[in-house]
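Written out below as structure tokens is the structure these notes cover.
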Amino acid sequence: MKIAIVHDYIKEYGGAERVLERLLKVFPQADVFTSLYAPEFLGPHKKRFEDYNIQTTWINSIPAKEKLISPLRLVSPFAFKSLDLSSYDIIIVSQTGAYFPNLVKKGKAKLVCYTHTPPRYLYGLKTAREIKNVASKIISSAAFHALRIVDFNAAKNVDQFIANSEEVRGRIQKFYRRDAEVIYPPVAVPNVIQGRKEQYFLTGGRLARAKGIDVIIKAFNKNSLPLRIFGRGFAGYEEELKKLAKDNITFVGEVSDEKKFELMAGAKAFIFASYDEDFGITPVESMGVGTPVVAFKSGGVKETVVDGVTGVFFEENTPEALNEAVRKFEKLNLNPDDAVTRAEKFSEKEFDRK
């Protein structure tokens, strides 16, 4: 079959891009279509997609497009509508929740949408960027109303929805009035030798506002325990976090996969405070190297972490609740093998099969 894979944009390397990369392993003959492709912004992952046939829309020719990711959502519907993929048999859309890739012209092709989430900014979920200006809020409210209509109509172009979690399946039912199959994202975990745990705690990934990194920093400012944070910030958020953090907190920057797993394997626990997380790959990666997770009980993490077995939940996303969970965790003697066994349920092999 002739297969096309469509992705919102390729400028960052996170969970959605890991899924895209795995889809290309499963369907190596596929052509890739995206609104814009900026490998120079992928950091240590800039060579991930260089061997694939990636085709972009006219958005890619806009000057300084990399700095316009948010406003470009207003014109992204026209960009994806300009993609005529009717010569393909199957179109696999990787919907990250940024733009509107389901609007491609499909003709008689079957369109399967792997949904990481419907656009969070359209449906009241916390996002990477925060709108503070009153005038901007008024303008955004009107624009988002129009884009919700666009998003709903784009969903009508989908023949089969696949959700990356039960959490997202519920959003698809609520916002699109469509059912979906659930296929969890592929989590690649190397065979790391579980050595002696060091005294630090770890958090990281995409340093965006929705990830609750500020809550974690405030908690560790109070408990004075050593915390390491990896990853790259968005929309000035990283600078805010660094100003907030005390001396017991270390920022290690954006790291390679090898360094990330090394940090995870050496940590006492991985701290996760994301709001309404779609799925949450980093907690599963942490469990994959035998490191338990202390997590805010919200979103997809409820489907991966087992409270009291592979980690500890806290019910409110506050520094006080997090610190209480850390104290509870330190009294437990969790078995690393239980964490590894749990992570294996979300393996690449299982993703490929499903």
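Residues are referred to by chain and number: the chain letter is A, B, ... according to the order shown in the structure tokens, the number counts from 1 in that chain, and ligands are numbered separately from 1 in the order shown.
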Item to complete: Skip A:Met287 itself and residues of its chain fewer than 5 positions away, then list as a list in words all residues within 10 Å of it, counting only C-alpha atoms.
Response: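 The neighbour list is Val189, Met264, Ala265, Ala269, Phe270, Thr282, Pro292, Val293, Thr304, Val305, Thr310, Gly311, Pro336, Asp337, Asp338, Ala339, Val340, Thr341, Arg342, Ala343 and Glu344 of chain A.
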Item to complete: Identify, on the basis of only C-alpha atoms, every residue whose closest approach to A:Ala321 does not exceed 9 Å; exclude the query and any residue fewer than 5 positions from it along the same chain; express the result as a PyMOL selection string.
Response: chain A and resi 219+296+314-316+326
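All residues of protein, DNA or RNA that reach within 10 Å of stretch 57-73 of chain A, judged by only C-alpha atoms and not counting those fewer than 4 positions away in the chain, are Asp8, Tyr9, Ile10, Lys11, Phe33, Thr34, Ser35, Leu36, Tyr37, Ala38, Phe41, Pro77, Phe78, Ala79, Phe80, Lys81, Ser82, Leu83, Ala98, Tyr99, Phe100, Arg129, Leu147 and Ala235 of chain A.
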Discussion item. Nearest residue to A:Pro190 out of A:Val312, A:Val289, A:Ala16, A:Val75, using only C-alpha atoms?
Written reply: A:Val289
Discussion item. So that I can check the surroundings of stretch 112-118 of chain A, please list as a ChimeraX atom specification every protein, DNA and RNA residue that reaches within 8 Å of it, counting only C-alpha atoms and ignoring chain neighbours fewer than 3 positions away.
Written reply: /A:16,90-97,102,158-164,168,171-172,175,278-279
Worksheet item: How many Å lie between atom CA of A:Lys211 and atom CA of A:Glu277, rounded to one decimal?
Response: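 Separating atom CA of A:Lys211 from atom CA of A:Glu277 is a distance of 7.9 Å.
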Worksheet item: What is the atom CA of A:Arg22 to atom CA of A:Phe351 distance in Å?
Response: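 Result for atom CA of A:Arg22 versus atom CA of A:Phe351: 8.7 Å, one decimal.
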Item to complete: Could you give me the residues within stretch 164-286 of chain A that DSSP places in strand (DSSP E), as a list of chain:residue names?
Response: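 Restricting stretch 164-286 of chain A to strand (DSSP E) produces A:Glu181, A:Val182, A:Phe201, A:Leu202, A:Thr203, A:Gly204, A:Leu227, A:Arg228, A:Ile229, A:Phe230, A:Ile249, A:Thr250, A:Phe251, A:Val252, A:Gly253, A:Phe270, A:Ile271, A:Phe272.
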Discussion item. Measuring between only C-alpha atoms, which one of A:Gly266, A:Phe329, A:Gly205, A:Pro186 shows the shortest distance to A:Ala295?
Written reply: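 Of all the options, A:Phe329 lies closest to A:Ala295.
Closest approach to A:Glu350 among A:Leu207, A:Asp179, A:Tyr184, A:Asp247: A:Tyr184, based on only C-alpha atoms.
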Worksheet item: Residues at most 12 Å from A:Ile149, counting only C-alpha atoms, excluding those fewer than 3 positions away in the same chain, as a PyMOL selection string?
Response: chain A and resi 77+100+122-123+142-146+152-156+175-176
Worksheet item: Hey, can you check how far atom CA of A:Val19 sits from atom CA of A:Glu239?
Response: 28.9 Å
Item to complete: Using only C-alpha atoms, determine which residues lie at most 10 Å from A:Ser256, disregarding the query and same-chain residues fewer than 3 positions distant; provide the list as number ranges by chain.
Response: A: 43-45, 231, 253, 259-262
Fill in: DSSP alpha helix (DSSP H) residues within stretch 248-341 of chain A, as a PyMOL selection string
chain A and resi 257-266+281-288+319-330+336-341
Fill in: A:Thr127 surroundings by only C-alpha atoms, 8 Å radius, close-in-sequence under 4 positions cut, as a ChimeraX atom specification
/A:120-121,208-210
